[in-house]
Amino acid sequence: MSLTVHGPGGRAAILLSAGALLLGAAACSTSHAGASGTATLTIGGKQIVDPARLEAEGERELAYTVGFGYVSPSGTGLPRCWFAQLGLSGSVDERLWCGPVQVPGSPPTNAWVPIAMKKTGENDTQIQLQVQPPDVPLPGNRSTPVSDSLIRADGTTTSPKAVVNRTASANFVAVLTDTEHKSNADLGLTDPATLRVHDDLLAVNATGYGRPSSFPIGDGATLIPGKGTQLRVLRLHVERSGKTDPAFSAQQWTGWHPQQSTLSLVVEGRRTVLSPDRLPDSGDVFLIYAVPDKAEPGESLILGSVGANSLEQPVRIPDGKRAAKAPASLATASGVSRVPANATQKFVARTIVPYGGLPAGDHAAELTVTGVRLGRQRPIKLDSGDYQLVTETTDGKALLEVAIKTTGQLPAIMGGPVTKNSFAMTLPDGSKAKLVGVRYDGDLLPAALVFEVPADVKSVKIGVSVGSVQVSALGRVDLTATGAIDLPLDFG
């Protein structure tokens with residue numbers, strides 16, 4: 001026998017698990033405890049026929065959802081279904097609210113699953129209803145009842161906003177923003193954590209890990225493990241370069257545009273994708289989850305790079321050991337290098353004609369390196385003005401981006417598409433790195449240059465070379481410079 005239930009986003013799934021069927025039966029039997037029909041519940045002024053039956057049917061439907069792992073029980077015992085009171089006269093919402101539960105990837109606070117009820121009959125004083133499939137929130141999201149007072153058919157009431165301790169049962173996964181920044185010792189996160197993984201749009205570094213017997217989740221509430229489970233807490237620092245790096249904010253793209261990378265938790269082979277909305281652009285979070293009560297449950301994170309050349313990097317929790325070798329372009333601890341304070345070069349731009357209030361002649365200027373990134377993917381700007389995401393696929397190679405700015409009395413004219421050829425990057429062996437592309441704005445020189453380099457490069461030299469270029473509306477521009485910028489690379 002199989003049962004069709006509706007999961008997150010209205011997706012249908014087939015449940016073949018006998019265990020889930022037993023869970024549904026347990027939920028059904030539990031809901032009848034103490035049912036005496038003492039509460040009169042109404043919708044639109046008409047009394048609901050047999051509300052206890054509706055509660056039992058809702059709990060049975062929810063049990064299937066629990067069996068799939070779409071939600072995890074987070075209260076004492078199995079989740080129960082309630083009516084939301086809309087006033088003091090017994091009027092209730094047209095949905096059941098079932099919980100408390102934990103939606104994977106959401107904060108570890110009260111969440112509820114709404115279940116709509118369809119009218120199947122009515123007369124002048126009564127209305128008959130039938131429960132529908134649960135409207136399960138998408139991962140990382142929560143639903144909350146429309147009322148601060150919930151009631152059952154036997155007259156029992158509760159508040160969905162009550163601060164109570166929570167239980168982490170099977171498939172429990174929560175993301176909690178780290179706002180108080182307590183020490184690892186105070187939180188019971190005493191195990192060593194050396195996990196670090198990054199791509200060009202997302203970086204996560206473990207800053208703590210533990211197996212506490214309980215964990216504070218805010219507002220005075222505490223999370224404890226459920227029967228047969230243990231708590232795990234992984235503290236992470238997150239940098240979402242795809243959100244914080246202006247290079248990715250362009251609107252017009254040719255080909256595959258940048259896709260935000262994904263972070264997934266795997267426990268005992270079960271994978272939960274963490275909602276990007278729950279990860280800060282730059283900040284700290286706790287990843288809190290339950291594991292089976294056994295000696296060494298398998299735990300890992302997977303960083304997924306999405307795009308034309310998709311990539312997955314699975315790393316073990318908490319030591320960061322990789323299941324497969326990382327691409328050489330992402331083998332560094334970080335993709336961002338420190339920039340020396342003296343990373344500057346003086347140069348002269350000689351113009352033949354006056355432009356924008358500047359006379360013809362020599363114009364002294366200075367070039368400064370403002371940022372260095374090494375990785376697998378970088379955005380460049382084409383001559384058409386559209387952006388393109390380039391990906392390094394050659395084994396042992398990487399993309400090195402050098403962001404620059406220029407100061408001095410230079411003509412205010414866009415010349416990046418042609419002056420890009422006036423730059424050279426020299427590798428330690430004396431060879432020249434291949435220029436892959438640039439980004440430019442309204443200045444004479446580009447804003448960033450992207451070169452193909454050996455992935456294990458330790459230093460480069462970069463700067464303006466002597467030569468002439470033809471700039472539209474300005475004519476010939478002669479560039480002269482002495483020396484180049486020594487740029488040691490340190491990716492932490």
# chains A, B, ... in the order shown; residues from 1 in each chain; ligands from 1
call {"tool": "residues_around", "arguments": {"residues": "Lys46 (chain A)", "least_positions_apart": "3", "cutoff": "9 Å", "atoms": "only C-alpha atoms", "output": "ChimeraX atom specification"}}
result
/A:41-43,91,122-127
call {"tool": "write_last_selection", "arguments": {"atoms": "C-alpha atoms", "output": "PDB file, in the first residue's frame"}}
result
ATOM      1  CA  LEU A  41     -16.071  25.834  18.114  1.00  0.00           C
ATOM      2  CA  THR A  42     -17.623  27.815  15.273  1.00  0.00           C
ATOM      3  CA  ILE A  43     -16.775  29.097  11.823  1.00  0.00           C
ATOM      4  CA  SER A  91     -14.985  31.462  16.646  1.00  0.00           C
ATOM      5  CA  GLU A 122     -23.743  22.647   6.369  1.00  0.00           C
ATOM      6  CA  ASN A 123     -27.167  23.632   7.638  1.00  0.00           C
ATOM      7  CA  ASP A 124     -28.445  26.670   9.505  1.00  0.00           C
ATOM      8  CA  THR A 125     -26.481  25.932  12.665  1.00  0.00           C
ATOM      9  CA  GLN A 126     -23.694  23.471  11.821  1.00  0.00           C
ATOM     10  CA  ILE A 127     -20.837  23.048   9.350  1.00  0.00           C
TER      11      ILE A 127
END
call {"tool": "atom_distance", "arguments": {"atom1": "CA of Val164 (chain A)", "atom2": "CA of Thr222 (chain A)"}}
result
7.6 Å
call {"tool": "closest_residue", "arguments": {"among": "A:Thr156, A:Ser72, A:Thr407, A:Thr144", "to": "Ala170 (chain A)", "atoms": "only C-alpha atoms"}}
result
A:Ser72
call {"tool": "atom_distance", "arguments": {"atom1": "CA of Met117 (chain A)", "atom2": "CA of Cys98 (chain A)"}}
result
12.8 Å
call {"tool": "closest_residue", "arguments": {"among": "A:Leu263, A:Ala324, A:Leu236, A:Val369", "to": "Ala448 (chain A)", "atoms": "only C-alpha atoms"}}
result
A:Val369
call {"tool": "atom_distance", "arguments": {"atom1": "CA of Gln388 (chain A)", "atom2": "CA of Gly415 (chain A)"}}
result
18.9 Å
call {"tool": "residues_around", "arguments": {"residues": "region 268-273 of chain A", "least_positions_apart": "4", "cutoff": "8 Å", "atoms": "only C-alpha atoms", "output": "list in words"}}
result
Pro104, Gly105, Pro139, Val173, Thr262, Leu263, Ser264, Val291, Pro297, Gly298 and Glu299 of chain A
